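One file, data37.pdb, is given below (PDB, C-alpha atoms, pLDDT in the B column).
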```
MODEL        1
ATOM      1  CA  MET A   1      38.953 125.451  90.647  1.00 71.00           C
ATOM      2  CA  ASN A   2      35.301 126.536  90.444  1.00 81.00           C
ATOM      3  CA  THR A   3      35.131 126.881  86.670  1.00 92.00           C
ATOM      4  CA  PRO A   4      33.316 124.043  84.832  1.00 94.00           C
ATOM      5  CA  CYS A   5      34.880 121.886  82.124  1.00 94.00           C
ATOM      6  CA  PHE A   6      34.140 123.240  78.661  1.00 92.00           C
ATOM      7  CA  LYS A   7      32.976 119.773  77.533  1.00 91.00           C
ATOM      8  CA  CYS A   8      30.863 118.369  80.350  1.00 91.00           C
ATOM      9  CA  LYS A   9      30.455 121.135  82.965  1.00 87.00           C
ATOM     10  CA  ALA A  10      32.139 119.010  85.658  1.00 93.00           C
ATOM     11  CA  PRO A  11      34.605 120.916  87.898  1.00 94.00           C
ATOM     12  CA  ALA A  12      37.739 121.747  85.943  1.00 95.00           C
ATOM     13  CA  VAL A  13      41.156 120.714  87.276  1.00 94.00           C
ATOM     14  CA  ILE A  14      43.284 122.704  84.841  1.00 95.00           C
ATOM     15  CA  TYR A  15      43.191 125.686  82.516  1.00 94.00           C
ATOM     16  CA  GLN A  16      45.006 125.408  79.188  1.00 94.00           C
ATOM     17  CA  ARG A  17      46.175 128.957  78.610  1.00 92.00           C
ATOM     18  CA  TYR A  18      47.301 128.227  75.063  1.00 92.00           C
ATOM     19  CA  SER A  19      43.866 126.828  74.060  1.00 92.00           C
ATOM     20  CA  GLY A  20      41.607 128.870  76.364  1.00 92.00           C
ATOM     21  CA  ARG A  21      39.915 125.690  77.645  1.00 95.00           C
ATOM     22  CA  TYR A  22      39.108 124.483  81.152  1.00 96.00           C
ATOM     23  CA  LEU A  23      39.233 120.695  81.497  1.00 96.00           C
ATOM     24  CA  CYS A  24      37.994 118.242  84.134  1.00 96.00           C
ATOM     25  CA  ALA A  25      40.125 115.226  85.086  1.00 94.00           C
ATOM     26  CA  GLU A  26      38.387 112.873  82.663  1.00 95.00           C
ATOM     27  CA  HIS A  27      38.604 115.172  79.670  1.00 96.00           C
ATOM     28  CA  LEU A  28      42.191 116.158  80.491  1.00 96.00           C
ATOM     29  CA  LYS A  29      43.181 112.477  80.324  1.00 95.00           C
ATOM     30  CA  GLU A  30      41.230 112.107  77.093  1.00 95.00           C
ATOM     31  CA  ASP A  31      42.904 115.180  75.597  1.00 96.00           C
ATOM     32  CA  VAL A  32      46.383 113.965  76.591  1.00 96.00           C
ATOM     33  CA  MET A  33      45.818 110.512  75.078  1.00 95.00           C
ATOM     34  CA  ILE A  34      44.520 112.042  71.825  1.00 96.00           C
ATOM     35  CA  ARG A  35      47.703 114.100  71.529  1.00 96.00           C
ATOM     36  CA  VAL A  36      49.886 111.122  72.490  1.00 97.00           C
ATOM     37  CA  ARG A  37      48.396 109.047  69.672  1.00 96.00           C
ATOM     38  CA  ARG A  38      48.631 111.935  67.208  1.00 96.00           C
ATOM     39  CA  THR A  39      52.291 112.575  68.026  1.00 96.00           C
ATOM     40  CA  ILE A  40      53.187 108.886  67.727  1.00 95.00           C
ATOM     41  CA  ARG A  41      51.532 108.744  64.299  1.00 94.00           C
ATOM     42  CA  LYS A  42      53.383 111.882  63.207  1.00 92.00           C
ATOM     43  CA  GLN A  43      56.709 110.457  64.385  1.00 91.00           C
ATOM     44  CA  GLY A  44      56.323 107.186  62.517  1.00 89.00           C
ATOM     45  CA  GLY A  45      53.735 105.138  64.379  1.00 92.00           C
ATOM     46  CA  LEU A  46      54.265 101.891  66.244  1.00 91.00           C
ATOM     47  CA  GLY A  47      55.415  99.987  63.190  1.00 89.00           C
ATOM     48  CA  ARG A  48      54.961  96.262  62.674  1.00 88.00           C
ATOM     49  CA  LYS A  49      57.742  94.833  64.791  1.00 90.00           C
ATOM     50  CA  LYS A  50      57.029  93.159  68.115  1.00 91.00           C
ATOM     51  CA  ILE A  51      59.971  94.699  69.988  1.00 93.00           C
ATOM     52  CA  PHE A  52      59.934  98.239  71.350  1.00 93.00           C
ATOM     53  CA  ALA A  53      62.495 100.110  73.441  1.00 93.00           C
ATOM     54  CA  LEU A  54      61.971 102.749  76.108  1.00 92.00           C
ATOM     55  CA  ILE A  55      64.545 104.983  77.804  1.00 90.00           C
ATOM     56  CA  TRP A  56      63.689 104.555  81.480  1.00 87.00           C
ATOM     57  CA  LYS A  57      64.267 108.065  82.792  1.00 87.00           C
ATOM     58  CA  GLY A  58      62.384 111.304  83.240  1.00 87.00           C
ATOM     59  CA  ASP A  59      59.674 112.629  85.536  1.00 88.00           C
ATOM     60  CA  PHE A  60      56.873 110.979  83.555  1.00 92.00           C
ATOM     61  CA  ARG A  61      58.373 107.620  82.650  1.00 90.00           C
ATOM     62  CA  ASN A  62      55.623 105.735  84.543  1.00 89.00           C
ATOM     63  CA  LEU A  63      52.940 107.641  82.650  1.00 92.00           C
ATOM     64  CA  LEU A  64      54.687 106.859  79.367  1.00 93.00           C
ATOM     65  CA  LEU A  65      54.653 103.154  80.217  1.00 90.00           C
ATOM     66  CA  TYR A  66      50.973 103.471  81.131  1.00 90.00           C
ATOM     67  CA  CYS A  67      50.211 105.084  77.739  1.00 92.00           C
ATOM     68  CA  ILE A  68      52.254 102.514  75.809  1.00 91.00           C
ATOM     69  CA  GLY A  69      50.401  99.742  77.625  1.00 88.00           C
ATOM     70  CA  ASP A  70      47.106 101.256  76.476  1.00 89.00           C
ATOM     71  CA  LEU A  71      48.331 101.435  72.876  1.00 90.00           C
ATOM     72  CA  LEU A  72      49.597  97.834  72.857  1.00 88.00           C
ATOM     73  CA  VAL A  73      46.321  96.261  73.983  1.00 86.00           C
ATOM     74  CA  GLY A  74      45.468  93.551  71.462  1.00 84.00           C
ATOM     75  CA  ARG A  75      49.033  93.030  70.250  1.00 86.00           C
ATOM     76  CA  LYS A  76      50.433  89.590  70.967  1.00 87.00           C
ATOM     77  CA  ASP A  77      53.959  88.442  71.882  1.00 89.00           C
ATOM     78  CA  VAL A  78      55.324  91.959  72.355  1.00 91.00           C
ATOM     79  CA  THR A  79      58.635  92.630  74.138  1.00 91.00           C
ATOM     80  CA  LEU A  80      59.436  95.991  75.697  1.00 91.00           C
ATOM     81  CA  LEU A  81      63.097  96.764  76.362  1.00 91.00           C
ATOM     82  CA  LEU A  82      63.517  99.173  79.288  1.00 89.00           C
ATOM     83  CA  PHE A  83      66.886 100.885  78.977  1.00 89.00           C
ATOM     84  CA  GLU A  84      67.881 101.941  82.477  1.00 86.00           C
ATOM     85  CA  VAL A  85      70.304 104.865  82.270  1.00 78.00           C
ATOM     86  CA  GLU A  86      69.926 106.018  85.867  1.00 69.00           C
ATOM     87  CA  ASP A  87      70.690 104.292  89.157  1.00 63.00           C
ATOM     88  CA  HIS A  88      67.587 102.180  89.682  1.00 60.00           C
ATOM     89  CA  LEU A  89      67.184  98.462  90.222  1.00 56.00           C
ATOM     90  CA  LEU A  90      64.451  97.473  87.804  1.00 57.00           C
ATOM     91  CA  LYS A  91      62.384  94.318  88.111  1.00 58.00           C
ATOM     92  CA  ALA A  92      60.042  93.163  85.369  1.00 53.00           C
ATOM     93  CA  GLU A  93      57.225  92.426  87.816  1.00 53.00           C
ATOM     94  CA  ASP A  94      57.191  96.066  88.956  1.00 61.00           C
ATOM     95  CA  PHE A  95      55.527  97.066  85.674  1.00 65.00           C
ATOM     96  CA  SER A  96      52.798  94.450  85.334  1.00 65.00           C
ATOM     97  CA  ILE A  97      50.115  96.942  86.438  1.00 73.00           C
ATOM     98  CA  PHE A  98      50.867  99.195  83.453  1.00 75.00           C
ATOM     99  CA  LEU A  99      50.922  96.628  80.655  1.00 81.00           C
ATOM    100  CA  PRO A 100      48.648  93.987  79.142  1.00 83.00           C
ATOM    101  CA  PRO A 101      49.657  90.344  79.851  1.00 84.00           C
ATOM    102  CA  SER A 102      50.819  89.876  76.253  1.00 83.00           C
ATOM    103  CA  VAL A 103      53.691  92.364  76.749  1.00 87.00           C
ATOM    104  CA  LYS A 104      56.959  91.077  78.225  1.00 87.00           C
ATOM    105  CA  ILE A 105      59.368  93.438  79.999  1.00 86.00           C
ATOM    106  CA  ASN A 106      63.134  93.187  79.652  1.00 87.00           C
ATOM    107  CA  PRO A 107      64.977  95.730  81.879  1.00 86.00           C
ATOM    108  CA  ILE A 108      68.536  96.419  80.684  1.00 87.00           C
ATOM    109  CA  LYS A 109      71.199  98.510  82.407  1.00 87.00           C
ATOM    110  CA  VAL A 110      72.933 100.649  79.748  1.00 85.00           C
ATOM    111  CA  ASN A 111      74.834 103.842  79.099  1.00 82.00           C
ATOM    112  CA  ASN A 112      73.788 106.241  76.348  1.00 79.00           C
ATOM    113  CA  GLU A 113      76.521 105.074  73.971  1.00 82.00           C
ATOM    114  CA  GLU A 114      75.210 101.495  73.964  1.00 86.00           C
ATOM    115  CA  ILE A 115      71.577 102.242  73.123  1.00 87.00           C
ATOM    116  CA  ILE A 116      71.776 102.284  69.313  1.00 86.00           C
ATOM    117  CA  ASP A 117      73.742  99.023  69.123  1.00 87.00           C
ATOM    118  CA  LEU A 118      71.364  97.293  71.545  1.00 89.00           C
ATOM    119  CA  ILE A 119      68.303  98.428  69.600  1.00 90.00           C
ATOM    120  CA  SER A 120      69.760  97.226  66.310  1.00 85.00           C
ATOM    121  CA  SER A 121      70.899  93.866  67.681  1.00 89.00           C
ATOM    122  CA  ALA A 122      67.449  93.263  69.215  1.00 89.00           C
ATOM    123  CA  GLY A 123      65.731  93.832  65.891  1.00 88.00           C
ATOM    124  CA  CYS A 124      63.938  96.925  67.204  1.00 91.00           C
ATOM    125  CA  ASP A 125      63.280 100.176  65.328  1.00 91.00           C
ATOM    126  CA  ARG A 126      61.219 102.220  67.806  1.00 93.00           C
ATOM    127  CA  LEU A 127      62.708 104.019  70.827  1.00 94.00           C
ATOM    128  CA  PHE A 128      60.370 105.861  73.213  1.00 95.00           C
ATOM    129  CA  SER A 129      61.308 108.735  75.495  1.00 94.00           C
ATOM    130  CA  ALA A 130      59.283 110.506  78.219  1.00 94.00           C
ATOM    131  CA  SER A 131      60.676 113.936  77.314  1.00 94.00           C
ATOM    132  CA  TYR A 132      57.915 116.548  77.405  1.00 95.00           C
ATOM    133  CA  LEU A 133      57.171 120.024  75.996  1.00 95.00           C
ATOM    134  CA  GLU A 134      59.243 122.167  78.360  1.00 92.00           C
ATOM    135  CA  GLU A 135      62.229 119.811  78.256  1.00 92.00           C
ATOM    136  CA  GLU A 136      62.280 119.830  74.458  1.00 93.00           C
ATOM    137  CA  SER A 137      61.762 123.613  74.327  1.00 94.00           C
ATOM    138  CA  ILE A 138      64.618 124.200  76.766  1.00 92.00           C
ATOM    139  CA  LYS A 139      66.875 121.964  74.673  1.00 91.00           C
ATOM    140  CA  ILE A 140      66.041 123.976  71.547  1.00 91.00           C
ATOM    141  CA  LEU A 141      66.582 127.309  73.337  1.00 91.00           C
ATOM    142  CA  SER A 142      69.922 126.105  74.706  1.00 90.00           C
ATOM    143  CA  LEU A 143      71.070 125.148  71.192  1.00 89.00           C
ATOM    144  CA  ILE A 144      69.986 128.547  69.868  1.00 89.00           C
ATOM    145  CA  PHE A 145      71.729 130.441  72.665  1.00 88.00           C
ATOM    146  CA  SER A 146      74.923 128.414  72.236  1.00 86.00           C
ATOM    147  CA  GLY A 147      74.922 128.763  68.454  1.00 82.00           C
ATOM    148  CA  ASP A 148      74.934 124.978  67.969  1.00 79.00           C
ATOM    149  CA  SER A 149      73.006 124.885  64.695  1.00 75.00           C
ATOM    150  CA  SER A 150      73.998 121.274  64.003  1.00 76.00           C
ATOM    151  CA  GLY A 151      72.081 120.142  67.085  1.00 77.00           C
ATOM    152  CA  LEU A 152      68.904 121.655  65.663  1.00 76.00           C
ATOM    153  CA  ILE A 153      69.002 119.877  62.312  1.00 75.00           C
ATOM    154  CA  GLN A 154      70.605 116.526  63.068  1.00 71.00           C
ATOM    155  CA  PRO A 155      68.345 113.675  64.224  1.00 66.00           C
ATOM    156  CA  ALA A 156      69.058 112.132  67.614  1.00 64.00           C
ATOM    157  CA  PHE A 157      69.329 108.620  66.135  1.00 63.00           C
ATOM    158  CA  THR A 158      69.840 106.927  62.782  1.00 64.00           C
ATOM    159  CA  GLN A 159      67.170 106.950  60.086  1.00 68.00           C
ATOM    160  CA  LYS A 160      66.502 103.267  60.762  1.00 81.00           C
ATOM    161  CA  ILE A 161      65.444 104.021  64.351  1.00 87.00           C
ATOM    162  CA  ARG A 162      62.315 106.053  65.009  1.00 90.00           C
ATOM    163  CA  TYR A 163      62.829 108.223  68.086  1.00 91.00           C
ATOM    164  CA  ILE A 164      59.317 108.702  69.465  1.00 94.00           C
ATOM    165  CA  MET A 165      58.457 111.287  72.117  1.00 96.00           C
ATOM    166  CA  PRO A 166      54.696 111.029  72.752  1.00 97.00           C
ATOM    167  CA  PHE A 167      54.779 113.894  75.305  1.00 97.00           C
ATOM    168  CA  ARG A 168      56.789 116.266  73.111  1.00 95.00           C
ATOM    169  CA  GLU A 169      53.887 118.699  72.703  1.00 95.00           C
ATOM    170  CA  ILE A 170      52.299 118.287  76.144  1.00 96.00           C
ATOM    171  CA  PRO A 171      53.144 120.592  79.087  1.00 94.00           C
ATOM    172  CA  GLY A 172      54.538 119.040  82.253  1.00 92.00           C
ATOM    173  CA  GLU A 173      51.699 120.403  84.386  1.00 92.00           C
ATOM    174  CA  GLU A 174      49.135 118.538  82.302  1.00 95.00           C
ATOM    175  CA  LEU A 175      51.174 115.336  82.463  1.00 95.00           C
ATOM    176  CA  SER A 176      51.436 115.711  86.228  1.00 93.00           C
ATOM    177  CA  PHE A 177      47.655 115.989  86.628  1.00 93.00           C
ATOM    178  CA  THR A 178      47.107 113.128  84.180  1.00 94.00           C
ATOM    179  CA  SER A 179      49.463 110.938  86.207  1.00 92.00           C
ATOM    180  CA  ILE A 180      47.603 111.731  89.425  1.00 90.00           C
ATOM    181  CA  TYR A 181      44.158 111.043  87.975  1.00 89.00           C
ATOM    182  CA  SER A 182      45.383 107.852  86.295  1.00 88.00           C
ATOM    183  CA  GLY A 183      46.814 106.486  89.546  1.00 85.00           C
ATOM    184  CA  VAL A 184      50.363 106.652  88.175  1.00 85.00           C
ATOM    185  CA  SER A 185      53.231 107.942  90.296  1.00 77.00           C
ATOM    186  CA  CYS A 186      55.465 110.755  89.058  1.00 74.00           C
ATOM    187  CA  LYS A 187      57.875 113.298  90.453  1.00 70.00           C
ATOM    188  CA  GLU A 188      56.315 116.514  91.666  1.00 64.00           C
ATOM    189  CA  TYR A 189      56.225 119.002  88.827  1.00 64.00           C
ATOM    190  CA  LEU A 190      57.949 122.192  89.962  1.00 60.00           C
ATOM    191  CA  LYS A 191      58.191 125.483  88.112  1.00 59.00           C
ATOM    192  CA  CYS A 192      60.695 127.016  90.542  1.00 55.00           C
ATOM    193  CA  VAL A 193      64.130 126.265  89.104  1.00 62.00           C
ATOM    194  CA  ASN A 194      67.687 127.531  89.118  1.00 67.00           C
ATOM    195  CA  ASN A 195      68.260 126.728  85.439  1.00 79.00           C
ATOM    196  CA  THR A 196      68.551 130.077  83.629  1.00 85.00           C
ATOM    197  CA  THR A 197      67.216 128.846  80.289  1.00 86.00           C
ATOM    198  CA  LYS A 198      64.219 127.151  81.897  1.00 85.00           C
ATOM    199  CA  LEU A 199      63.470 130.245  83.972  1.00 86.00           C
ATOM    200  CA  PHE A 200      63.646 132.360  80.809  1.00 88.00           C
ATOM    201  CA  LEU A 201      61.191 130.025  79.050  1.00 89.00           C
ATOM    202  CA  ILE A 202      58.784 130.072  82.010  1.00 87.00           C
ATOM    203  CA  LYS A 203      58.757 133.864  82.160  1.00 87.00           C
ATOM    204  CA  LEU A 204      58.301 134.140  78.399  1.00 89.00           C
ATOM    205  CA  SER A 205      55.502 131.560  78.381  1.00 89.00           C
ATOM    206  CA  GLU A 206      53.592 133.428  81.078  1.00 87.00           C
ATOM    207  CA  LYS A 207      53.011 136.247  78.570  1.00 89.00           C
ATOM    208  CA  HIS A 208      53.038 134.113  75.429  1.00 91.00           C
ATOM    209  CA  PRO A 209      51.744 130.546  76.145  1.00 91.00           C
ATOM    210  CA  SER A 210      52.346 129.436  72.566  1.00 92.00           C
ATOM    211  CA  VAL A 211      56.135 129.982  72.725  1.00 93.00           C
ATOM    212  CA  PRO A 212      57.115 126.366  73.638  1.00 94.00           C
ATOM    213  CA  PHE A 213      54.967 125.047  70.779  1.00 94.00           C
ATOM    214  CA  SER A 214      56.511 127.579  68.384  1.00 94.00           C
ATOM    215  CA  LEU A 215      59.993 126.360  69.322  1.00 93.00           C
ATOM    216  CA  ILE A 216      58.971 122.777  68.559  1.00 93.00           C
ATOM    217  CA  ARG A 217      57.638 123.863  65.142  1.00 92.00           C
ATOM    218  CA  TYR A 218      60.853 125.800  64.529  1.00 90.00           C
ATOM    219  CA  GLU A 219      62.992 122.714  65.068  1.00 89.00           C
ATOM    220  CA  ASP A 220      60.679 120.575  62.931  1.00 87.00           C
ATOM    221  CA  ARG A 221      60.838 123.050  60.065  1.00 86.00           C
ATOM    222  CA  LEU A 222      64.618 123.248  60.180  1.00 82.00           C
ATOM    223  CA  ARG A 223      64.907 119.468  60.027  1.00 79.00           C
ATOM    224  CA  GLU A 224      62.472 119.300  57.113  1.00 76.00           C
ATOM    225  CA  ILE A 225      64.614 121.782  55.196  1.00 72.00           C
ATOM    226  CA  ASP A 226      67.780 119.844  56.021  1.00 47.00           C
ATOM    227  CA  ILE A 227      66.308 116.539  54.871  1.00 48.00           C
ATOM    228  CA  SER A 228      64.644 117.749  51.681  1.00 47.00           C
ATOM    229  CA  GLY A 229      67.153 120.425  50.702  1.00 49.00           C
ATOM    230  CA  GLN A 230      64.269 122.723  49.844  1.00 50.00           C
ATOM    231  CA  CYS A 231      62.954 125.900  51.504  1.00 44.00           C
TER     232      CYS A 231
ENDMDL
END
```
Write-out of the structure in C-alpha cells:
Amino acid sequence: MNTPCFKCKAPAVIYQRYSGRYLCAEHLKEDVMIRVRRTIRKQGGLGRKKIFALIWKGDFRNLLLYCIGDLLVGRKDVTLLLFEVEDHLLKAEDFSIFLPPSVKINPIKVNNEEIIDLISSAGCDRLFSASYLEEESIKILSLIFSGDSSGLIQPAFTQKIRYIMPFREIPGEELSFTSIYSGVSCKEYLKCVNNTTKLFLIKLSEKHPSVPFSLIRYEDRLREIDISGQC
C-alpha cells in the first residue's frame, strides 16, 4: 500500500473504510488497543477481583491473551482461568510470553454447560471472549432472520458475571494485521466463505461499511430497553 498513514505519514498497512483513515502498523495497533480498553470499560471493566476467565477458542484468542496481559501489567497475584472448549492440549508454560510474571495460568477442559458453575465456584466475575465484529454481527443477523427475538435481548450469562468481548467492535481484518505486527499467531483471516449469512453481511458491508457496527448498536439498544423497561 503506497498511501501514507494519516497520523505519521509512514506507509499504511490498512484502510479503514468506515472511518476513511489509512493506518500504519504502529498506529493500527494503537487504535486497536484504544478500542479494546474502551470496550472493556463499557462492558464493566476489569473489576477488583484477582481471578479472570477466558474462553480459549476463536481465531484471535492469542491476540486476546496478549491484550489481557498488557492490561494486567502491575496487578499482583492474578489467576487467569483458560476454559478450553475445543480439542487442544493446553499447557500453562505455553502462554508465558503473553503475560506478566505476576499472572498465573490455569487451563481447564470444559464444556459450555459447565462454564457458569466453574466461574462462580472460583470466585470470578469476568469472562473474556475473542469474538470479533463480524462474528457478533453474523450472530445478530442470524437471530433476526430466524425470528429469535429472545436471543437479541437476553444476556449470554447471569448479571453477576460480566461477559467481556474486547474485540466486539473491531473487524477481523484489523485484528489479523494487529496479530501479525505484534508477533502473535492467529488463523488466516478469510473473507471467502460458504456461510450464507456471513456472505450476505460481507456483500452488504462492501457498499455500507457501517452495517456491522449498526447491528451491534441495534442489539445494545434492544437490551437497554429490555433491562430498563423504557423506550
Using only C-alpha atoms, what residues lie at most 10 Å away from (68.3, 121.9, 67.2) (file coordinates), given as a PyMOL selection string?
chain A and resi 136-137+139-144+147-156+215-216+218-220+222-223
For the file shown, what are the residues hit by the PyMOL selection byres ((chain A and resi 67) around 12), laid out as a PyMOL selection string?
chain A and resi 29-30+32-37+40+60-66+68-73+97-100+128-130+165-167+175+178-179+182+184
Please write the residues from the selection above to a file, keeping C-alpha atoms, as a CSV table (one decimal), in the coordinates of the input.
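Generated output (out29.csv):
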```csv
chain,number,residue,atom,x,y,z
A,29,LYS,CA,43.2,112.5,80.3
A,30,GLU,CA,41.2,112.1,77.1
A,32,VAL,CA,46.4,114.0,76.6
A,33,MET,CA,45.8,110.5,75.1
A,34,ILE,CA,44.5,112.0,71.8
A,35,ARG,CA,47.7,114.1,71.5
A,36,VAL,CA,49.9,111.1,72.5
A,37,ARG,CA,48.4,109.0,69.7
A,40,ILE,CA,53.2,108.9,67.7
A,60,PHE,CA,56.9,111.0,83.6
A,61,ARG,CA,58.4,107.6,82.6
A,62,ASN,CA,55.6,105.7,84.5
A,63,LEU,CA,52.9,107.6,82.6
A,64,LEU,CA,54.7,106.9,79.4
A,65,LEU,CA,54.7,103.2,80.2
A,66,TYR,CA,51.0,103.5,81.1
A,68,ILE,CA,52.3,102.5,75.8
A,69,GLY,CA,50.4,99.7,77.6
A,70,ASP,CA,47.1,101.3,76.5
A,71,LEU,CA,48.3,101.4,72.9
A,72,LEU,CA,49.6,97.8,72.9
A,73,VAL,CA,46.3,96.3,74.0
A,97,ILE,CA,50.1,96.9,86.4
A,98,PHE,CA,50.9,99.2,83.5
A,99,LEU,CA,50.9,96.6,80.7
A,100,PRO,CA,48.6,94.0,79.1
A,128,PHE,CA,60.4,105.9,73.2
A,129,SER,CA,61.3,108.7,75.5
A,130,ALA,CA,59.3,110.5,78.2
A,165,MET,CA,58.5,111.3,72.1
A,166,PRO,CA,54.7,111.0,72.8
A,167,PHE,CA,54.8,113.9,75.3
A,175,LEU,CA,51.2,115.3,82.5
A,178,THR,CA,47.1,113.1,84.2
A,179,SER,CA,49.5,110.9,86.2
A,182,SER,CA,45.4,107.9,86.3
A,184,VAL,CA,50.4,106.7,88.2
```
Counting all atoms listed in the file, the option among A:Glu84, A:Asp125, A:Glu135, A:Asp77 closest to Asn112 of chain A
A:Glu84
Pick out the residues sitting within 12 Å of Phe200 of chain A, and hand them over as number ranges by chain; count all atoms listed in the file, and ignore anything fewer than 2 positions along from it in its own chain.
A: 134, 137-138, 141-142, 145, 191-198, 202-207, 211-212
Tell me which protein, DNA and RNA residues are within 6 Å of segment 3-9 of chain A, counting all atoms listed in the file, leaving out same-chain ones fewer than 4 positions away, and put them as a PyMOL selection string.
chain A and resi 22-24
Could you jot down the atom CA of Phe83 of chain A to atom CA of Ile115 of chain A separation for me, Å, one decimal place?
7.6 Å
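Our summary of the geometry notes that atom CA of Leu82 of chain A is positioned 22.9 Å from atom CA of Lys42 of chain A.
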Completed segment 65-78 of chain A (N, CA and C atoms) as a PDB file, keeping the file's coordinate frame:
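File produced: result33.pdb:
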```pdb
ATOM      1  N   LEU A  65      54.870 104.600  80.233  1.00 90.00           N
ATOM      2  CA  LEU A  65      54.653 103.154  80.217  1.00 90.00           C
ATOM      3  C   LEU A  65      53.153 102.844  80.255  1.00 90.00           C
ATOM      4  N   TYR A  66      52.431 103.612  81.041  1.00 90.00           N
ATOM      5  CA  TYR A  66      50.973 103.471  81.131  1.00 90.00           C
ATOM      6  C   TYR A  66      50.334 103.706  79.753  1.00 90.00           C
ATOM      7  N   CYS A  67      50.752 104.749  79.063  1.00 92.00           N
ATOM      8  CA  CYS A  67      50.211 105.084  77.739  1.00 92.00           C
ATOM      9  C   CYS A  67      50.577 104.021  76.707  1.00 92.00           C
ATOM     10  N   ILE A  68      51.825 103.553  76.744  1.00 91.00           N
ATOM     11  CA  ILE A  68      52.254 102.514  75.809  1.00 91.00           C
ATOM     12  C   ILE A  68      51.449 101.239  76.035  1.00 91.00           C
ATOM     13  N   GLY A  69      51.212 100.914  77.304  1.00 88.00           N
ATOM     14  CA  GLY A  69      50.401  99.742  77.625  1.00 88.00           C
ATOM     15  C   GLY A  69      49.017  99.839  77.012  1.00 88.00           C
ATOM     16  N   ASP A  70      48.423 101.032  77.066  1.00 89.00           N
ATOM     17  CA  ASP A  70      47.106 101.256  76.476  1.00 89.00           C
ATOM     18  C   ASP A  70      47.139 101.069  74.955  1.00 89.00           C
ATOM     19  N   LEU A  71      48.216 101.523  74.327  1.00 90.00           N
ATOM     20  CA  LEU A  71      48.331 101.435  72.876  1.00 90.00           C
ATOM     21  C   LEU A  71      48.615 100.009  72.386  1.00 90.00           C
ATOM     22  N   LEU A  72      49.203  99.184  73.262  1.00 88.00           N
ATOM     23  CA  LEU A  72      49.597  97.834  72.857  1.00 88.00           C
ATOM     24  C   LEU A  72      48.532  96.783  73.167  1.00 88.00           C
ATOM     25  N   VAL A  73      47.409  97.204  73.713  1.00 86.00           N
ATOM     26  CA  VAL A  73      46.321  96.261  73.983  1.00 86.00           C
ATOM     27  C   VAL A  73      45.891  95.595  72.671  1.00 86.00           C
ATOM     28  N   GLY A  74      45.852  94.277  72.665  1.00 84.00           N
ATOM     29  CA  GLY A  74      45.468  93.551  71.462  1.00 84.00           C
ATOM     30  C   GLY A  74      46.644  93.005  70.678  1.00 84.00           C
ATOM     31  N   ARG A  75      47.839  93.554  70.918  1.00 86.00           N
ATOM     32  CA  ARG A  75      49.033  93.030  70.250  1.00 86.00           C
ATOM     33  C   ARG A  75      49.563  91.833  71.030  1.00 86.00           C
ATOM     34  N   LYS A  76      49.966  90.804  70.318  1.00 87.00           N
ATOM     35  CA  LYS A  76      50.433  89.590  70.967  1.00 87.00           C
ATOM     36  C   LYS A  76      51.953  89.452  70.861  1.00 87.00           C
ATOM     37  N   ASP A  77      52.528  88.783  71.871  1.00 89.00           N
ATOM     38  CA  ASP A  77      53.959  88.442  71.882  1.00 89.00           C
ATOM     39  C   ASP A  77      54.852  89.665  71.697  1.00 89.00           C
ATOM     40  N   VAL A  78      54.546  90.725  72.436  1.00 91.00           N
ATOM     41  CA  VAL A  78      55.324  91.959  72.355  1.00 91.00           C
ATOM     42  C   VAL A  78      56.367  91.989  73.473  1.00 91.00           C
TER      43      VAL A  78
END
```
